[in-house]
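This is model_17.cif. It holds mmCIF, N, CA and C atoms.
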```cif
data_protein
#
loop_
_atom_site.label_atom_id
_atom_site.label_comp_id
_atom_site.auth_asym_id
_atom_site.auth_seq_id
_atom_site.Cartn_x
_atom_site.Cartn_y
_atom_site.Cartn_z
N PRO A 1 91.65 -51.09 -18.73
CA PRO A 1 91.85 -50.62 -17.36
C PRO A 1 90.52 -50.36 -16.66
N GLN A 2 90.54 -50.50 -15.37
CA GLN A 2 89.34 -50.31 -14.58
C GLN A 2 88.98 -48.83 -14.53
N GLN A 3 87.70 -48.53 -14.73
CA GLN A 3 87.25 -47.14 -14.66
C GLN A 3 86.97 -46.78 -13.21
N THR A 4 87.26 -45.53 -12.86
CA THR A 4 86.99 -45.03 -11.52
C THR A 4 86.15 -43.76 -11.65
N GLY A 5 85.48 -43.40 -10.56
CA GLY A 5 84.67 -42.20 -10.57
C GLY A 5 83.44 -42.30 -11.44
N VAL A 6 82.96 -43.53 -11.68
CA VAL A 6 81.79 -43.75 -12.53
C VAL A 6 80.55 -43.23 -11.82
N SER A 7 79.68 -42.58 -12.57
CA SER A 7 78.43 -42.05 -12.01
C SER A 7 77.65 -43.17 -11.34
N ARG A 8 77.09 -42.88 -10.18
CA ARG A 8 76.33 -43.89 -9.42
C ARG A 8 75.04 -44.27 -10.11
N THR A 9 74.62 -43.51 -11.11
CA THR A 9 73.40 -43.83 -11.86
C THR A 9 73.71 -44.22 -13.31
N ALA A 10 74.96 -44.49 -13.60
CA ALA A 10 75.39 -44.79 -14.98
C ALA A 10 74.73 -46.07 -15.49
N GLN A 11 74.35 -46.02 -16.77
CA GLN A 11 73.90 -47.22 -17.45
C GLN A 11 75.14 -48.02 -17.87
N ILE A 12 75.09 -49.32 -17.68
CA ILE A 12 76.18 -50.20 -18.09
C ILE A 12 75.84 -50.73 -19.47
N THR A 13 76.79 -50.62 -20.40
CA THR A 13 76.59 -51.10 -21.76
C THR A 13 77.64 -52.18 -22.06
N ILE A 14 77.17 -53.33 -22.51
CA ILE A 14 78.06 -54.42 -22.90
C ILE A 14 77.80 -54.70 -24.38
N THR A 15 78.86 -54.63 -25.19
CA THR A 15 78.75 -54.82 -26.63
C THR A 15 79.32 -56.18 -27.03
N PHE A 16 78.55 -56.92 -27.81
CA PHE A 16 78.94 -58.23 -28.31
C PHE A 16 79.23 -58.14 -29.80
N SER A 17 80.02 -59.05 -30.31
CA SER A 17 80.42 -59.01 -31.72
C SER A 17 79.38 -59.59 -32.66
N GLU A 18 78.35 -60.22 -32.11
CA GLU A 18 77.29 -60.80 -32.94
C GLU A 18 75.99 -60.82 -32.15
N PRO A 19 74.85 -61.02 -32.82
CA PRO A 19 73.57 -61.05 -32.12
C PRO A 19 73.54 -62.17 -31.07
N MET A 20 72.97 -61.86 -29.93
CA MET A 20 72.96 -62.78 -28.80
C MET A 20 71.57 -63.34 -28.53
N ASP A 21 71.54 -64.50 -27.88
CA ASP A 21 70.31 -65.06 -27.31
C ASP A 21 70.05 -64.21 -26.08
N THR A 22 69.07 -63.32 -26.17
CA THR A 22 68.89 -62.33 -25.11
C THR A 22 68.53 -62.94 -23.76
N ALA A 23 67.66 -63.95 -23.76
CA ALA A 23 67.26 -64.56 -22.48
C ALA A 23 68.45 -65.24 -21.81
N ALA A 24 69.22 -66.00 -22.57
CA ALA A 24 70.37 -66.71 -21.99
C ALA A 24 71.42 -65.72 -21.51
N THR A 25 71.63 -64.66 -22.27
CA THR A 25 72.66 -63.69 -21.91
C THR A 25 72.25 -62.87 -20.70
N GLU A 26 70.98 -62.49 -20.63
CA GLU A 26 70.51 -61.77 -19.44
C GLU A 26 70.65 -62.64 -18.20
N ALA A 27 70.36 -63.93 -18.31
CA ALA A 27 70.49 -64.84 -17.17
C ALA A 27 71.95 -64.99 -16.76
N ALA A 28 72.87 -64.82 -17.70
CA ALA A 28 74.30 -64.97 -17.43
C ALA A 28 74.92 -63.71 -16.85
N PHE A 29 74.18 -62.61 -16.83
CA PHE A 29 74.66 -61.31 -16.33
C PHE A 29 74.56 -61.26 -14.82
N SER A 30 75.60 -60.78 -14.17
CA SER A 30 75.52 -60.51 -12.73
C SER A 30 76.39 -59.31 -12.41
N ILE A 31 76.04 -58.66 -11.32
CA ILE A 31 76.83 -57.53 -10.82
C ILE A 31 76.94 -57.68 -9.30
N SER A 32 78.16 -57.43 -8.80
CA SER A 32 78.42 -57.56 -7.38
C SER A 32 79.18 -56.33 -6.90
N PRO A 33 78.77 -55.71 -5.79
CA PRO A 33 77.60 -56.08 -5.00
C PRO A 33 76.33 -55.95 -5.82
N ALA A 34 75.31 -56.70 -5.41
CA ALA A 34 74.06 -56.78 -6.16
C ALA A 34 73.44 -55.39 -6.35
N VAL A 35 72.97 -55.15 -7.56
CA VAL A 35 72.29 -53.91 -7.92
C VAL A 35 71.04 -54.30 -8.70
N SER A 36 69.88 -53.84 -8.27
CA SER A 36 68.68 -54.14 -9.05
C SER A 36 68.59 -53.14 -10.20
N GLY A 37 67.98 -53.60 -11.29
CA GLY A 37 67.88 -52.73 -12.45
C GLY A 37 67.17 -53.42 -13.59
N THR A 38 67.15 -52.73 -14.72
CA THR A 38 66.45 -53.19 -15.90
C THR A 38 67.44 -53.48 -17.02
N LYS A 39 67.24 -54.60 -17.70
CA LYS A 39 68.08 -54.96 -18.85
C LYS A 39 67.28 -54.74 -20.13
N THR A 40 67.90 -54.09 -21.10
CA THR A 40 67.30 -53.89 -22.42
C THR A 40 68.37 -54.15 -23.48
N TRP A 41 67.93 -54.23 -24.73
CA TRP A 41 68.83 -54.54 -25.85
C TRP A 41 68.62 -53.55 -26.98
N ASN A 42 69.66 -53.39 -27.81
CA ASN A 42 69.49 -52.63 -29.03
C ASN A 42 68.76 -53.54 -30.05
N ALA A 43 68.32 -52.97 -31.15
CA ALA A 43 67.53 -53.71 -32.14
C ALA A 43 68.30 -54.90 -32.73
N GLN A 44 69.62 -54.76 -32.86
CA GLN A 44 70.44 -55.82 -33.45
C GLN A 44 70.78 -56.94 -32.46
N GLN A 45 70.43 -56.73 -31.20
CA GLN A 45 70.71 -57.67 -30.11
C GLN A 45 72.22 -57.92 -29.96
N THR A 46 72.99 -56.85 -30.16
CA THR A 46 74.44 -56.90 -29.97
C THR A 46 74.89 -56.05 -28.79
N GLN A 47 73.97 -55.30 -28.18
CA GLN A 47 74.32 -54.48 -27.01
C GLN A 47 73.29 -54.71 -25.92
N LEU A 48 73.80 -55.07 -24.75
CA LEU A 48 72.98 -55.24 -23.55
C LEU A 48 73.18 -54.00 -22.69
N PHE A 49 72.07 -53.38 -22.30
CA PHE A 49 72.10 -52.19 -21.44
C PHE A 49 71.52 -52.57 -20.08
N PHE A 50 72.21 -52.19 -19.02
CA PHE A 50 71.70 -52.39 -17.67
C PHE A 50 71.57 -51.03 -17.01
N ALA A 51 70.35 -50.67 -16.66
CA ALA A 51 70.08 -49.39 -16.00
C ALA A 51 69.71 -49.66 -14.54
N PRO A 52 70.53 -49.19 -13.60
CA PRO A 52 70.21 -49.40 -12.18
C PRO A 52 68.89 -48.74 -11.80
N SER A 53 68.14 -49.41 -10.93
CA SER A 53 66.86 -48.87 -10.45
C SER A 53 67.05 -47.70 -9.50
N ALA A 54 68.17 -47.68 -8.81
CA ALA A 54 68.52 -46.61 -7.86
C ALA A 54 70.02 -46.41 -7.94
N ALA A 55 70.49 -45.33 -7.37
CA ALA A 55 71.93 -45.05 -7.39
C ALA A 55 72.71 -46.19 -6.74
N MET A 56 73.81 -46.56 -7.37
CA MET A 56 74.69 -47.57 -6.79
C MET A 56 75.43 -46.95 -5.60
N SER A 57 75.97 -47.80 -4.75
CA SER A 57 76.70 -47.33 -3.58
C SER A 57 77.89 -46.47 -4.00
N ALA A 58 78.15 -45.44 -3.22
CA ALA A 58 79.25 -44.51 -3.52
C ALA A 58 80.60 -45.15 -3.22
N SER A 59 81.60 -44.75 -4.01
CA SER A 59 83.00 -45.16 -3.79
C SER A 59 83.13 -46.67 -3.58
N THR A 60 82.45 -47.42 -4.43
CA THR A 60 82.40 -48.88 -4.29
C THR A 60 82.86 -49.54 -5.58
N GLU A 61 83.71 -50.57 -5.45
CA GLU A 61 84.10 -51.35 -6.61
C GLU A 61 82.98 -52.33 -6.95
N HIS A 62 82.55 -52.32 -8.19
CA HIS A 62 81.53 -53.23 -8.69
C HIS A 62 82.17 -54.16 -9.71
N THR A 63 81.75 -55.41 -9.70
CA THR A 63 82.24 -56.41 -10.64
C THR A 63 81.07 -56.90 -11.47
N VAL A 64 81.18 -56.76 -12.79
CA VAL A 64 80.16 -57.25 -13.72
C VAL A 64 80.70 -58.51 -14.37
N THR A 65 79.88 -59.56 -14.37
CA THR A 65 80.28 -60.83 -14.97
C THR A 65 79.24 -61.28 -15.97
N ILE A 66 79.72 -61.78 -17.10
CA ILE A 66 78.88 -62.51 -18.05
C ILE A 66 79.43 -63.93 -18.04
N SER A 67 78.63 -64.87 -17.55
CA SER A 67 79.10 -66.25 -17.41
C SER A 67 79.00 -67.01 -18.74
N THR A 68 79.47 -68.24 -18.72
CA THR A 68 79.42 -69.07 -19.93
C THR A 68 78.00 -69.45 -20.32
N GLY A 69 77.01 -69.09 -19.51
CA GLY A 69 75.62 -69.32 -19.88
C GLY A 69 75.17 -68.43 -21.03
N ALA A 70 75.91 -67.37 -21.31
CA ALA A 70 75.57 -66.47 -22.43
C ALA A 70 75.82 -67.21 -23.74
N LYS A 71 74.88 -67.04 -24.68
CA LYS A 71 75.00 -67.71 -25.97
C LYS A 71 74.64 -66.74 -27.09
N ASP A 72 75.24 -66.98 -28.27
CA ASP A 72 74.84 -66.19 -29.42
C ASP A 72 73.55 -66.77 -30.01
N LYS A 73 73.03 -66.14 -31.03
CA LYS A 73 71.75 -66.56 -31.62
C LYS A 73 71.77 -67.99 -32.15
N THR A 74 72.95 -68.50 -32.50
CA THR A 74 73.04 -69.86 -33.03
C THR A 74 73.33 -70.89 -31.93
N GLY A 75 73.39 -70.43 -30.67
CA GLY A 75 73.56 -71.34 -29.54
C GLY A 75 74.98 -71.57 -29.10
N ASN A 76 75.94 -70.86 -29.68
CA ASN A 76 77.34 -71.01 -29.28
C ASN A 76 77.57 -70.29 -27.95
N PRO A 77 78.16 -70.97 -26.97
CA PRO A 77 78.41 -70.31 -25.68
C PRO A 77 79.53 -69.28 -25.79
N LEU A 78 79.40 -68.26 -24.99
CA LEU A 78 80.40 -67.20 -24.93
C LEU A 78 81.40 -67.53 -23.83
N ALA A 79 82.65 -67.22 -24.06
CA ALA A 79 83.63 -67.35 -22.97
C ALA A 79 83.26 -66.35 -21.88
N ALA A 80 83.35 -66.76 -20.65
CA ALA A 80 83.02 -65.87 -19.54
C ALA A 80 83.97 -64.68 -19.53
N PHE A 81 83.45 -63.53 -19.13
CA PHE A 81 84.32 -62.37 -18.94
C PHE A 81 83.80 -61.51 -17.81
N THR A 82 84.72 -60.75 -17.24
CA THR A 82 84.43 -59.92 -16.08
C THR A 82 85.11 -58.57 -16.27
N PHE A 83 84.45 -57.53 -15.81
CA PHE A 83 85.11 -56.23 -15.73
C PHE A 83 84.67 -55.54 -14.45
N LYS A 84 85.49 -54.59 -14.02
CA LYS A 84 85.24 -53.87 -12.76
C LYS A 84 85.24 -52.39 -12.99
N PHE A 85 84.51 -51.68 -12.14
CA PHE A 85 84.53 -50.23 -12.12
C PHE A 85 84.26 -49.78 -10.69
N THR A 86 84.66 -48.56 -10.39
CA THR A 86 84.43 -47.99 -9.07
C THR A 86 83.58 -46.74 -9.22
N THR A 87 82.52 -46.67 -8.42
CA THR A 87 81.64 -45.51 -8.46
C THR A 87 82.29 -44.31 -7.77
N GLY A 88 81.82 -43.15 -8.14
CA GLY A 88 82.30 -41.92 -7.52
C GLY A 88 81.68 -41.73 -6.14
N ALA A 89 82.11 -40.68 -5.47
CA ALA A 89 81.61 -40.37 -4.13
C ALA A 89 80.19 -39.85 -4.17
#
```
Go ahead and express the file in the form of structure tokens.
Amino acid sequence: PQQTGVSRTAQITITFSEPMDTAATEAAFSISPAVSGTKTWNAQQTQLFFAPSAAMSASTEHTVTISTGAKDKTGNPLAAFTFKFTTGA
């Protein structure tokens, strides 16, 4: 289910079932409306963290997409997926 009332400064965490090609996966990441921020990974390269550079817009639905450009460490493409959340006031 879609989360609502998410903190406008919340870090977004995406967990994968296996180590990912970090460059390909970062390039496949998008958020709409656009939010600038920093992407980092855990040591195992199974979690992508996105930290917004500034507070996201209040009471706004955001859509995060990982496109088929994302690949695991062995080069297998990931099925695209999308999730949404709404920021708090």
DSSP strand (DSSP E or B) residues within chain A, as a PyMOL selection string
chain A and resi 3-6+12-15+20+29-32+37-41+47-52+61-66+71-72+77+81-87
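Evaluated against the shown file, the PyMOL selection byres ((chain A and resi 32) around 7) gives A:Ser30, A:Ile31, A:Pro33, A:Ala34, A:Val35, A:Glu61, A:His62, A:Thr63, A:Val64, A:Thr65.
This file, filtered with the PyMOL selection byres (((chain A and resi 29 and name CA) around 7) and name CA), gives the residues Thr25, Glu26, Ala27, Ala28, Ser30, Thr65, Ile66 and Ser67 of chain A.
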If I take atom C of Arg8 of chain A and atom N of Gln47 of chain A, how far is one from the other in Å, to one decimal?
21.2 Å
If the PyMOL selection byres ((chain A and resi 72) around 8) is run on the structure shown, which residues does it catch, given as JSON, numbers by chain?
{"A": [18, 19, 20, 21, 22, 24, 25, 69, 70, 71, 73, 74, 75, 76, 77, 78]}
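Of the residues under consideration (A:Phe49, A:Ala23, A:Ala79, A:Met56), A:Phe49 shows the shortest atom-to-atom contact distance to Gln11 of chain A when counting all atoms listed in the file.
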Out of chain A, which residues get helix (DSSP H, G or I) from DSSP, as a PyMOL selection string?
chain A and resi 22-28
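You will find atom C of Phe16 of chain A at 9.0 Å from atom N of Gln45 of chain A.
Note that the spacing between atom N of Gln2 of chain A and atom CA of Ala43 of chain A amounts to 28.7 Å.
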Segment 17-41 of chain A from the block above: N, CA and C atoms written as an mmCIF file, in the first residue's frame:
```cif
data_model
loop_
_atom_site.group_PDB
_atom_site.id
_atom_site.type_symbol
_atom_site.label_atom_id
_atom_site.label_comp_id
_atom_site.auth_asym_id
_atom_site.auth_seq_id
_atom_site.Cartn_x
_atom_site.Cartn_y
_atom_site.Cartn_z
ATOM 1 N N SER A 17 17.228 -8.210 -3.841
ATOM 2 C CA SER A 17 17.456 -9.568 -3.336
ATOM 3 C C SER A 17 18.867 -10.070 -3.585
ATOM 4 N N GLU A 18 19.641 -9.335 -4.375
ATOM 5 C CA GLU A 18 21.017 -9.739 -4.658
ATOM 6 C C GLU A 18 21.857 -8.503 -4.953
ATOM 7 N N PRO A 19 23.186 -8.625 -4.927
ATOM 8 C CA PRO A 19 24.042 -7.471 -5.209
ATOM 9 C C PRO A 19 23.778 -6.911 -6.609
ATOM 10 N N MET A 20 23.772 -5.596 -6.692
ATOM 11 C CA MET A 20 23.423 -4.915 -7.934
ATOM 12 C C MET A 20 24.633 -4.234 -8.566
ATOM 13 N N ASP A 21 24.540 -4.020 -9.878
ATOM 14 C CA ASP A 21 25.478 -3.161 -10.606
ATOM 15 C C ASP A 21 25.077 -1.744 -10.211
ATOM 16 N N THR A 22 25.870 -1.127 -9.355
ATOM 17 C CA THR A 22 25.450 0.145 -8.760
ATOM 18 C C THR A 22 25.285 1.258 -9.791
ATOM 19 N N ALA A 23 26.199 1.351 -10.753
ATOM 20 C CA ALA A 23 26.107 2.421 -11.753
ATOM 21 C C ALA A 23 24.850 2.263 -12.607
ATOM 22 N N ALA A 24 24.582 1.052 -13.068
ATOM 23 C CA ALA A 24 23.404 0.815 -13.910
ATOM 24 C C ALA A 24 22.120 1.054 -13.123
ATOM 25 N N THR A 25 22.108 0.636 -11.869
ATOM 26 C CA THR A 25 20.905 0.768 -11.062
ATOM 27 C C THR A 25 20.648 2.224 -10.687
ATOM 28 N N GLU A 26 21.705 2.957 -10.364
ATOM 29 C CA GLU A 26 21.525 4.389 -10.082
ATOM 30 C C GLU A 26 20.992 5.114 -11.307
ATOM 31 N N ALA A 27 21.482 4.759 -12.492
ATOM 32 C CA ALA A 27 21.007 5.394 -13.723
ATOM 33 C C ALA A 27 19.545 5.047 -13.992
ATOM 34 N N ALA A 28 19.101 3.894 -13.510
ATOM 35 C CA ALA A 28 17.719 3.443 -13.722
ATOM 36 C C ALA A 28 16.746 4.039 -12.714
ATOM 37 N N PHE A 29 17.256 4.711 -11.688
ATOM 38 C CA PHE A 29 16.434 5.305 -10.624
ATOM 39 C C PHE A 29 15.881 6.644 -11.073
ATOM 40 N N SER A 30 14.602 6.868 -10.826
ATOM 41 C CA SER A 30 14.031 8.201 -11.040
ATOM 42 C C SER A 30 12.946 8.452 -10.004
ATOM 43 N N ILE A 31 12.711 9.722 -9.752
ATOM 44 C CA ILE A 31 11.645 10.136 -8.840
ATOM 45 C C ILE A 31 10.921 11.316 -9.479
ATOM 46 N N SER A 32 9.583 11.273 -9.398
ATOM 47 C CA SER A 32 8.766 12.322 -9.984
ATOM 48 C C SER A 32 7.717 12.756 -8.964
ATOM 49 N N PRO A 33 7.530 14.065 -8.751
ATOM 50 C CA PRO A 33 8.295 15.138 -9.371
ATOM 51 C C PRO A 33 9.768 15.046 -8.993
ATOM 52 N N ALA A 34 10.601 15.623 -9.848
ATOM 53 C CA ALA A 34 12.055 15.521 -9.688
ATOM 54 C C ALA A 34 12.502 16.051 -8.324
ATOM 55 N N VAL A 35 13.400 15.305 -7.704
ATOM 56 C CA VAL A 35 13.992 15.675 -6.417
ATOM 57 C C VAL A 35 15.495 15.451 -6.551
ATOM 58 N N SER A 36 16.286 16.468 -6.270
ATOM 59 C CA SER A 36 17.735 16.256 -6.309
ATOM 60 C C SER A 36 18.165 15.626 -4.990
ATOM 61 N N GLY A 37 19.230 14.837 -5.072
ATOM 62 C CA GLY A 37 19.693 14.163 -3.871
ATOM 63 C C GLY A 37 20.909 13.308 -4.149
ATOM 64 N N THR A 38 21.303 12.566 -3.136
ATOM 65 C CA THR A 38 22.499 11.739 -3.188
ATOM 66 C C THR A 38 22.122 10.270 -3.075
ATOM 67 N N LYS A 39 22.746 9.446 -3.920
ATOM 68 C CA LYS A 39 22.527 8.001 -3.874
ATOM 69 C C LYS A 39 23.754 7.337 -3.249
ATOM 70 N N THR A 40 23.515 6.435 -2.312
ATOM 71 C CA THR A 40 24.588 5.644 -1.696
ATOM 72 C C THR A 40 24.109 4.202 -1.582
ATOM 73 N N TRP A 41 25.044 3.312 -1.250
ATOM 74 C CA TRP A 41 24.755 1.875 -1.167
ATOM 75 C C TRP A 41 25.279 1.311 0.133
#
```
